file entry30.txt (compact mmCIF, C-alpha atoms and all ligand atoms)
# COMPACT_ATOMS: atom_id res chain seq x y z
CA MET A 1 21.56 1.22 -15.69
CA ASN A 2 19.97 -0.21 -12.59
CA ASN A 3 18.26 -3.52 -13.01
CA GLU A 4 17.24 -4.50 -9.50
CA ILE A 5 14.95 -2.97 -6.95
CA LEU A 6 14.35 -4.03 -3.35
CA ILE A 7 10.73 -3.84 -2.27
CA ALA A 8 10.95 -3.03 1.42
CA THR A 9 7.69 -4.42 2.75
CA LYS A 10 6.78 -7.13 5.23
CA ASN A 11 3.31 -7.33 3.71
CA ASP A 12 3.07 -10.26 1.25
CA GLY A 13 -0.04 -8.83 -0.39
CA LYS A 14 1.77 -5.61 -1.29
CA LEU A 15 4.88 -7.51 -2.40
CA LYS A 16 2.91 -9.64 -4.87
CA GLU A 17 1.29 -6.54 -6.36
CA PHE A 18 4.60 -4.67 -6.78
CA LYS A 19 6.33 -7.76 -8.19
CA GLN A 20 3.79 -8.06 -10.97
CA ILE A 21 4.04 -4.37 -11.86
CA PHE A 22 7.88 -4.13 -11.92
CA GLU A 23 8.55 -7.49 -13.56
CA GLN A 24 6.45 -6.29 -16.49
CA LYS A 25 9.09 -3.56 -16.89
CA GLY A 26 11.93 -6.09 -16.91
CA ILE A 27 13.16 -5.00 -13.49
CA VAL A 28 14.29 -7.75 -11.10
CA VAL A 29 12.40 -7.53 -7.83
CA LYS A 30 14.14 -8.45 -4.59
CA SER A 31 12.25 -8.80 -1.36
CA LEU A 32 13.31 -8.63 2.28
CA LYS A 33 13.50 -12.44 2.18
CA ASP A 34 16.46 -12.16 -0.24
CA ILE A 35 18.59 -10.12 2.15
CA ASN A 36 19.95 -10.99 5.56
CA ASP A 37 19.67 -7.51 6.88
CA ASP A 38 16.50 -7.43 8.98
CA VAL A 39 16.19 -3.78 9.92
CA GLU A 40 13.50 -2.97 12.48
CA ILE A 41 11.78 0.19 11.29
CA VAL A 42 9.51 2.18 13.57
CA GLU A 43 6.81 3.80 11.47
CA ASN A 44 6.42 6.85 13.64
CA GLY A 45 6.11 9.45 10.89
CA LEU A 46 3.18 11.84 10.83
CA SER A 47 2.28 11.24 7.19
CA PHE A 48 2.24 8.48 4.58
CA GLU A 49 5.23 10.13 2.92
CA GLU A 50 7.30 10.29 6.11
CA ASN A 51 6.62 6.63 6.86
CA ALA A 52 7.40 5.50 3.31
CA ARG A 53 10.69 7.43 3.47
CA LEU A 54 11.59 5.89 6.85
CA LYS A 55 11.11 2.42 5.35
CA ALA A 56 12.94 3.09 2.06
CA ASP A 57 15.84 4.90 3.68
CA GLY A 58 16.17 2.31 6.45
CA TYR A 59 17.13 -0.29 3.87
CA ALA A 60 18.73 1.84 1.12
CA LYS A 61 21.55 2.80 3.50
CA SER A 62 22.72 -0.79 3.89
CA ILE A 63 21.67 -2.56 0.70
CA GLY A 64 23.42 -0.72 -2.12
CA ILE A 65 20.57 -1.01 -4.65
CA PRO A 66 17.48 1.19 -5.13
CA VAL A 67 14.79 0.55 -2.52
CA LEU A 68 11.07 1.11 -2.86
CA ALA A 69 8.70 1.41 0.09
CA ASP A 70 5.00 2.11 0.17
CA ASP A 71 3.00 3.53 3.02
CA SER A 72 -0.68 3.19 2.47
CA GLY A 73 -4.00 3.18 4.21
CA LEU A 74 -7.74 3.58 4.20
CA GLU A 75 -9.27 7.01 4.80
CA ILE A 76 -12.97 6.82 5.65
CA ASP A 77 -14.83 10.11 5.20
CA ALA A 78 -17.39 9.49 7.97
CA LEU A 79 -14.52 8.71 10.38
CA ASN A 80 -12.63 11.94 9.60
CA GLY A 81 -10.04 10.03 7.59
CA ARG A 82 -9.41 7.22 10.08
CA PRO A 83 -7.77 4.72 10.14
CA GLY A 84 -5.40 6.61 7.77
CA ILE A 85 -1.72 6.16 8.66
CA PHE A 86 -2.82 3.79 11.46
CA SER A 87 -4.50 1.33 9.07
CA ALA A 88 -2.13 -1.61 9.64
CA ARG A 89 -2.65 -1.74 13.41
CA TYR A 90 -6.01 -0.06 13.82
CA ALA A 91 -7.39 -2.69 16.22
CA GLY A 92 -4.09 -3.07 18.09
CA ASP A 93 -2.19 -5.79 16.23
CA HIS A 94 -1.43 -6.25 12.56
CA ASN A 95 -4.59 -8.33 12.16
CA ASP A 96 -6.83 -7.86 9.10
CA ALA A 97 -9.96 -9.47 10.58
CA ALA A 98 -9.80 -7.39 13.77
CA ASN A 99 -9.13 -4.20 11.81
CA ASN A 100 -12.11 -4.86 9.52
CA ALA A 101 -14.35 -5.59 12.50
CA LYS A 102 -13.33 -2.33 14.18
CA VAL A 103 -14.08 -0.28 11.06
CA LEU A 104 -17.47 -1.98 10.68
CA SER A 105 -18.40 -1.33 14.27
CA GLU A 106 -17.39 2.35 14.02
CA LEU A 107 -19.53 2.68 10.89
CA GLY A 108 -22.52 0.94 12.49
CA GLY A 109 -25.78 2.68 11.50
CA ILE A 110 -24.17 4.91 8.86
CA PRO A 111 -26.08 4.62 5.56
CA ASP A 112 -24.48 3.44 2.30
CA GLU A 113 -24.20 6.85 0.69
CA LYS A 114 -22.19 8.19 3.64
CA ARG A 115 -19.71 5.29 3.74
CA THR A 116 -17.38 6.77 1.12
CA ALA A 117 -13.63 6.24 1.48
CA THR A 118 -10.24 6.59 -0.21
CA PHE A 119 -7.43 4.08 -0.39
CA HIS A 120 -4.17 6.04 -0.47
CA SER A 121 -0.62 4.97 -1.36
CA THR A 122 2.57 6.98 -1.17
CA VAL A 123 5.58 5.31 -2.76
CA VAL A 124 9.15 6.44 -2.12
CA VAL A 125 12.10 5.04 -4.10
CA ARG A 126 15.55 5.83 -2.72
CA LYS A 127 18.91 5.18 -4.29
CA PRO A 128 21.97 4.48 -2.14
CA ASP A 129 23.20 8.03 -2.94
CA GLY A 130 20.14 9.46 -1.16
CA SER A 131 18.30 10.70 -4.25
CA GLU A 132 14.63 9.84 -4.23
CA LEU A 133 11.39 9.80 -6.15
CA VAL A 134 7.98 10.20 -4.48
CA ALA A 135 4.59 9.39 -5.98
CA ASN A 136 0.97 9.10 -4.82
CA GLY A 137 -2.17 7.24 -5.82
CA ASN A 138 -5.78 7.34 -4.62
CA LEU A 139 -8.74 5.07 -5.22
CA ARG A 140 -12.27 6.07 -4.25
CA GLY A 141 -14.82 3.55 -3.05
CA ARG A 142 -17.41 2.72 -0.42
CA ILE A 143 -17.25 0.59 2.73
CA LEU A 144 -19.76 -2.27 2.64
CA ALA A 145 -21.56 -3.46 5.76
CA VAL A 146 -20.64 -7.10 5.07
CA PRO A 147 -17.27 -8.29 3.66
CA ARG A 148 -17.22 -9.81 0.16
CA GLY A 149 -14.50 -11.83 -1.63
CA ASP A 150 -11.40 -13.81 -0.66
CA ASN A 151 -8.62 -12.25 -2.74
CA GLY A 152 -6.23 -9.47 -1.78
CA PHE A 153 -5.52 -8.51 1.83
CA GLY A 154 -6.30 -5.98 4.53
CA TYR A 155 -9.52 -4.04 4.01
CA ASP A 156 -10.06 -5.34 0.46
CA PRO A 157 -13.24 -7.34 1.28
CA LEU A 158 -14.93 -4.16 2.57
CA PHE A 159 -13.87 -1.78 -0.21
CA PHE A 160 -16.48 -1.62 -2.97
CA VAL A 161 -15.54 -0.04 -6.30
CA GLU A 162 -18.65 1.29 -8.03
CA ALA A 163 -17.26 1.24 -11.59
CA LYS A 164 -16.44 -2.48 -11.32
CA ASN A 165 -19.41 -3.44 -9.18
CA LYS A 166 -17.01 -5.50 -7.04
CA THR A 167 -14.97 -5.25 -3.87
CA LEU A 168 -11.19 -5.29 -4.26
CA ALA A 169 -11.26 -8.80 -2.75
CA GLU A 170 -13.59 -9.97 -5.55
CA MET A 171 -11.04 -8.90 -8.19
CA THR A 172 -8.13 -10.95 -9.50
CA ARG A 173 -4.67 -9.54 -8.79
CA GLU A 174 -4.50 -8.39 -12.43
CA GLU A 175 -7.82 -6.53 -12.12
CA LYS A 176 -6.84 -4.89 -8.82
CA ASN A 177 -3.44 -3.93 -10.24
CA LYS A 178 -5.10 -1.96 -13.04
CA ILE A 179 -7.05 0.35 -10.73
CA SER A 180 -5.60 0.26 -7.22
CA HIS A 181 -4.13 3.18 -5.28
CA ARG A 182 -0.77 1.36 -5.42
CA ALA A 183 -0.99 0.89 -9.19
CA LEU A 184 -1.90 4.57 -9.60
CA ALA A 185 1.04 5.60 -7.40
CA ILE A 186 3.34 3.53 -9.58
CA GLU A 187 1.85 5.07 -12.72
CA ASP A 188 2.64 8.47 -11.21
CA LEU A 189 6.14 7.23 -10.29
CA LEU A 190 6.82 5.98 -13.82
CA VAL A 191 6.35 9.46 -15.30
CA ASN A 192 9.77 10.41 -13.92
CA PHE A 193 11.18 6.94 -13.35
CA ASP A 194 13.32 6.35 -16.46
CA LYS A 195 15.29 9.54 -15.95
CA PHE A 196 15.73 8.76 -12.23
CA TRP A 197 16.60 5.13 -12.96
CA GLU A 198 19.42 5.81 -15.53
O1 LIG B 201 4.87 -1.44 6.34
P1 LIG B 201 4.91 -2.63 5.43
O2 LIG B 201 5.92 -3.63 5.83
O3 LIG B 201 5.01 -2.27 3.98
O4 LIG B 201 3.48 -3.40 5.54
P2 LIG B 201 2.17 -2.85 6.28
O5 LIG B 201 1.07 -3.84 6.04
O6 LIG B 201 2.50 -2.53 7.72
O7 LIG B 201 1.83 -1.57 5.46
P3 LIG B 201 1.56 -0.07 5.95
O8 LIG B 201 2.39 0.25 7.13
O9 LIG B 201 1.69 0.79 4.72
O10 LIG B 201 0.04 -0.14 6.38
C1 LIG B 201 -0.92 -0.21 5.36
C2 LIG B 201 -2.16 -0.89 5.84
O11 LIG B 201 -3.27 -0.32 5.11
C3 LIG B 201 -4.12 -1.32 4.62
N1 LIG B 201 -3.99 -1.38 3.15
C4 LIG B 201 -3.09 -0.71 2.36
N2 LIG B 201 -3.24 -1.04 1.06
C5 LIG B 201 -4.26 -1.92 1.03
C6 LIG B 201 -4.87 -2.64 -0.01
O12 LIG B 201 -4.47 -2.56 -1.27
N3 LIG B 201 -5.87 -3.45 0.31
C7 LIG B 201 -6.30 -3.59 1.58
N4 LIG B 201 -5.76 -2.98 2.62
C8 LIG B 201 -4.74 -2.14 2.36
C9 LIG B 201 -3.66 -2.62 5.24
O13 LIG B 201 -4.32 -2.79 6.47
C10 LIG B 201 -2.17 -2.38 5.48
O14 LIG B 201 -1.65 -3.18 6.51
MG MG B 202 3.76 -0.98 8.14

call {"tool": "encode", "arguments": {"input": "entry30.txt", "output": "structure tokens", "more": "lines below"}}
Ligand SMILES: O=P(O)(O)OP(=O)(O)OP(=O)(O)OC[C@H]1O[C@@H](n2cnc3c(O)ncnc32)[C@H](O)[C@@H]1O
Ligand SMILES: [Mg+2]
result
Amino acid sequence: MNNEILIATKNDGKLKEFKQIFEQKGIVVKSLKDINDDVEIVENGLSFEENARLKADGYAKSIGIPVLADDSGLEIDALNGRPGIFSARYAGDHNDAANNAKVLSELGGIPDEKRTATFHSTVVVRKPDGSELVANGNLRGRILAVPRGDNGFGYDPLFFVEAKNKTLAEMTREEKNKISHRALAIEDLLVNFDKFWE
């Protein structure tokens, strides 16, 4: 029985979300800070799944415990799905404020009802023996014209969820973790997880 999982992300916002979800299952979460092995992974895949696999496999080879990686992003309908797999560095650097500003400027003049978008997450878990589990989650919402809220990370202040009447950045971590694309991907993952995890 495995009891530890390495979450292979350099994004603290993601790490905090995954930690909460897995610790509720009694699984010990390790982060990249707990290992010495700093592997530089180039996310040059053509899909969320390819990128998540590159990240999970990059660490699973050397670590000897199961590794989970997520590749995620914001797909805006009016922008033909951009920024998509380029979400982290849409404005050039890994800079949330610049990314948000770029999205807002590209959506300038587009009315509310046409600002629909999907947050997508693909999660890949790989064991050292190369076996893997893949799962996906999607959350629909709308891109506001003005950011709202201080919680979360990335595009959260712009992503308005109709059913909650809040942006993701106006939710607590617990609230976001009940509905987010990442939470839904993990829900999907858990359907087959126990058998995989044995
Ligand atoms: O690759 P790792 O190290 O996991 O961290 P990253 O931030 O580079 O992660 P991705 O390559 O998967 O890029 C995902 C980007 O999509 C955005 N994003 C994904 N999930 C999000 C969420 O829940 N809230 C806000 N923005 C999110 C955010 O800009 C992320 O940087
Ligand atoms: Mg990344």

call {"tool": "residues_near_ligand", "arguments": {"input": "entry30.txt", "ligand": "ligand LIG 201 (chain B)", "cutoff": "9 Å", "atoms": "all atoms listed in the file", "output": "PyMOL selection string"}}
result
chain A and resi 7-15+17+41+43+48+51-52+55+69-74+83-90+94-96+99-100+119-122+152-159+168-169+176+180-182

call {"tool": "closest_residue", "arguments": {"input": "entry30.txt", "among": "A:Gln24, A:Ile179, A:Asp188, A:Phe18", "to": "Ala135 in chain A", "atoms": "all atoms listed in the file"}}
result
A:Asp188

call {"tool": "atom_distance", "arguments": {"input": "entry30.txt", "atom1": "CA of Val161 in chain A", "atom2": "CA of Gly141 in chain A"}}
result
4.9 Å

call {"tool": "closest_residue", "arguments": {"input": "entry30.txt", "among": "A:Ala78, A:Ala56, A:Leu104, A:Val146", "to": "Val134 in chain A", "atoms": "all atoms listed in the file"}}
result
A:Ala56

call {"tool": "residues_around", "arguments": {"input": "entry30.txt", "residues": "Asn2 in chain A", "least_positions_apart": "4", "cutoff": "10 Å", "atoms": "all atoms listed in the file", "output": "compact mmCIF listing (two decimals) with C-alpha atoms, in the coordinates of the input"}}
result
# COMPACT_ATOMS: atom_id res chain seq x y z
CA ILE A 27 13.16 -5.00 -13.49
CA VAL A 28 14.29 -7.75 -11.10
CA ILE A 65 20.57 -1.01 -4.65
CA PRO A 66 17.48 1.19 -5.13
CA LYS A 127 18.91 5.18 -4.29
CA PHE A 196 15.73 8.76 -12.23
CA TRP A 197 16.60 5.13 -12.96
CA GLU A 198 19.42 5.81 -15.53

call {"tool": "atom_distance", "arguments": {"input": "entry30.txt", "atom1": "CA of Ile110 in chain A", "atom2": "CA of Ala183 in chain A"}}
result
29.7 Å

call {"tool": "atom_distance", "arguments": {"input": "entry30.txt", "atom1": "CA of Leu144 in chain A", "atom2": "CA of Ala98 in chain A"}}
result
15.8 Å

call {"tool": "closest_residue", "arguments": {"input": "entry30.txt", "among": "A:Ile21, A:Ala117, A:Leu133, A:Leu54", "to": "ligand MG 202 (chain B)", "atoms": "all atoms listed in the file"}}
result
A:Leu54

call {"tool": "closest_residue", "arguments": {"input": "entry30.txt", "among": "A:Asn44, A:Ser131, A:Asn3, A:Asn192", "to": "ligand MG 202 (chain B)", "atoms": "all atoms listed in the file"}}
result
A:Asn44

call {"tool": "decode", "arguments": {"input": "entry30.txt", "residues": "range 108-190 of chain A", "atoms": "C-alpha atoms", "output": "PDB file, in the first residue's frame"}}
result
ATOM      1  CA  GLY A 108     -11.692  44.695 -24.558  1.00  0.00           C
ATOM      2  CA  GLY A 109     -15.144  45.631 -25.910  1.00  0.00           C
ATOM      3  CA  ILE A 110     -16.512  42.072 -25.781  1.00  0.00           C
ATOM      4  CA  PRO A 111     -19.860  42.027 -23.922  1.00  0.00           C
ATOM      5  CA  ASP A 112     -20.478  39.971 -20.756  1.00  0.00           C
ATOM      6  CA  GLU A 113     -22.493  37.220 -22.411  1.00  0.00           C
ATOM      7  CA  LYS A 114     -19.667  36.494 -24.861  1.00  0.00           C
ATOM      8  CA  ARG A 115     -16.922  36.296 -22.208  1.00  0.00           C
ATOM      9  CA  THR A 116     -17.537  32.631 -21.381  1.00  0.00           C
ATOM     10  CA  ALA A 117     -14.564  30.422 -20.514  1.00  0.00           C
ATOM     11  CA  THR A 118     -13.469  27.032 -19.167  1.00  0.00           C
ATOM     12  CA  PHE A 119     -10.819  26.270 -16.593  1.00  0.00           C
ATOM     13  CA  HIS A 120      -9.314  22.895 -17.490  1.00  0.00           C
ATOM     14  CA  SER A 121      -7.108  20.522 -15.494  1.00  0.00           C
ATOM     15  CA  THR A 122      -5.497  17.289 -16.597  1.00  0.00           C
ATOM     16  CA  VAL A 123      -3.903  15.286 -13.809  1.00  0.00           C
ATOM     17  CA  VAL A 124      -1.442  12.462 -14.424  1.00  0.00           C
ATOM     18  CA  VAL A 125      -0.236  10.170 -11.627  1.00  0.00           C
ATOM     19  CA  ARG A 126       2.742   7.956 -12.446  1.00  0.00           C
ATOM     20  CA  LYS A 127       4.235   5.177 -10.399  1.00  0.00           C
ATOM     21  CA  PRO A 128       7.953   4.381 -10.587  1.00  0.00           C
ATOM     22  CA  ASP A 129       7.064   1.269 -12.658  1.00  0.00           C
ATOM     23  CA  GLY A 130       5.646   3.533 -15.388  1.00  0.00           C
ATOM     24  CA  SER A 131       1.970   2.733 -14.834  1.00  0.00           C
ATOM     25  CA  GLU A 132      -0.227   5.799 -14.834  1.00  0.00           C
ATOM     26  CA  LEU A 133      -3.664   7.209 -14.232  1.00  0.00           C
ATOM     27  CA  VAL A 134      -5.049  10.209 -16.160  1.00  0.00           C
ATOM     28  CA  ALA A 135      -8.054  12.334 -15.239  1.00  0.00           C
ATOM     29  CA  ASN A 136      -9.671  15.595 -16.351  1.00  0.00           C
ATOM     30  CA  GLY A 137     -11.824  18.324 -14.866  1.00  0.00           C
ATOM     31  CA  ASN A 138     -13.546  21.404 -16.313  1.00  0.00           C
ATOM     32  CA  LEU A 139     -15.174  24.406 -14.707  1.00  0.00           C
ATOM     33  CA  ARG A 140     -17.291  26.852 -16.705  1.00  0.00           C
ATOM     34  CA  GLY A 141     -17.396  30.546 -15.912  1.00  0.00           C
ATOM     35  CA  ARG A 142     -17.178  34.049 -17.301  1.00  0.00           C
ATOM     36  CA  ILE A 143     -14.305  36.534 -17.497  1.00  0.00           C
ATOM     37  CA  LEU A 144     -15.100  39.772 -15.659  1.00  0.00           C
ATOM     38  CA  ALA A 145     -13.899  43.146 -16.922  1.00  0.00           C
ATOM     39  CA  VAL A 146     -12.484  44.076 -13.498  1.00  0.00           C
ATOM     40  CA  PRO A 147     -10.692  41.649 -11.126  1.00  0.00           C
ATOM     41  CA  ARG A 148     -12.413  40.757  -7.833  1.00  0.00           C
ATOM     42  CA  GLY A 149     -11.029  39.043  -4.698  1.00  0.00           C
ATOM     43  CA  ASP A 150      -7.612  38.338  -3.172  1.00  0.00           C
ATOM     44  CA  ASN A 151      -7.591  34.569  -2.651  1.00  0.00           C
ATOM     45  CA  GLY A 152      -6.290  31.867  -4.971  1.00  0.00           C
ATOM     46  CA  PHE A 153      -3.792  32.564  -7.747  1.00  0.00           C
ATOM     47  CA  GLY A 154      -3.439  33.063 -11.482  1.00  0.00           C
ATOM     48  CA  TYR A 155      -6.634  34.087 -13.268  1.00  0.00           C
ATOM     49  CA  ASP A 156      -8.855  33.474 -10.215  1.00  0.00           C
ATOM     50  CA  PRO A 157      -9.812  37.169  -9.720  1.00  0.00           C
ATOM     51  CA  LEU A 158     -11.208  37.305 -13.281  1.00  0.00           C
ATOM     52  CA  PHE A 159     -13.091  33.998 -13.282  1.00  0.00           C
ATOM     53  CA  PHE A 160     -16.714  34.470 -12.221  1.00  0.00           C
ATOM     54  CA  VAL A 161     -18.772  31.400 -11.291  1.00  0.00           C
ATOM     55  CA  GLU A 162     -22.465  32.091 -11.855  1.00  0.00           C
ATOM     56  CA  ALA A 163     -23.807  29.459  -9.431  1.00  0.00           C
ATOM     57  CA  LYS A 164     -21.802  30.953  -6.546  1.00  0.00           C
ATOM     58  CA  ASN A 165     -22.118  34.577  -7.608  1.00  0.00           C
ATOM     59  CA  LYS A 166     -18.391  34.961  -6.850  1.00  0.00           C
ATOM     60  CA  THR A 167     -15.042  34.873  -8.582  1.00  0.00           C
ATOM     61  CA  LEU A 168     -12.697  32.031  -7.636  1.00  0.00           C
ATOM     62  CA  ALA A 169     -10.581  34.628  -5.811  1.00  0.00           C
ATOM     63  CA  GLU A 170     -13.579  35.574  -3.642  1.00  0.00           C
ATOM     64  CA  MET A 171     -13.918  31.964  -2.439  1.00  0.00           C
ATOM     65  CA  THR A 172     -12.081  30.357   0.465  1.00  0.00           C
ATOM     66  CA  ARG A 173      -9.746  27.492  -0.438  1.00  0.00           C
ATOM     67  CA  GLU A 174     -12.379  25.065   0.872  1.00  0.00           C
ATOM     68  CA  GLU A 175     -15.069  26.582  -1.359  1.00  0.00           C
ATOM     69  CA  LYS A 176     -12.825  26.581  -4.436  1.00  0.00           C
ATOM     70  CA  ASN A 177     -11.756  23.000  -3.722  1.00  0.00           C
ATOM     71  CA  LYS A 178     -15.371  21.827  -3.894  1.00  0.00           C
ATOM     72  CA  ILE A 179     -15.989  23.083  -7.424  1.00  0.00           C
ATOM     73  CA  SER A 180     -12.695  23.759  -9.196  1.00  0.00           C
ATOM     74  CA  HIS A 181     -11.430  22.095 -12.371  1.00  0.00           C
ATOM     75  CA  ARG A 182      -8.609  20.607 -10.267  1.00  0.00           C
ATOM     76  CA  ALA A 183     -11.045  19.232  -7.676  1.00  0.00           C
ATOM     77  CA  LEU A 184     -13.179  17.755 -10.474  1.00  0.00           C
ATOM     78  CA  ALA A 185     -10.098  16.164 -12.070  1.00  0.00           C
ATOM     79  CA  ILE A 186      -9.243  14.587  -8.730  1.00  0.00           C
ATOM     80  CA  GLU A 187     -12.815  13.365  -8.320  1.00  0.00           C
ATOM     81  CA  ASP A 188     -12.457  11.727 -11.736  1.00  0.00           C
ATOM     82  CA  LEU A 189      -9.055  10.332 -10.688  1.00  0.00           C
ATOM     83  CA  LEU A 190     -10.447   8.839  -7.484  1.00  0.00           C
TER      84      LEU A 190
END
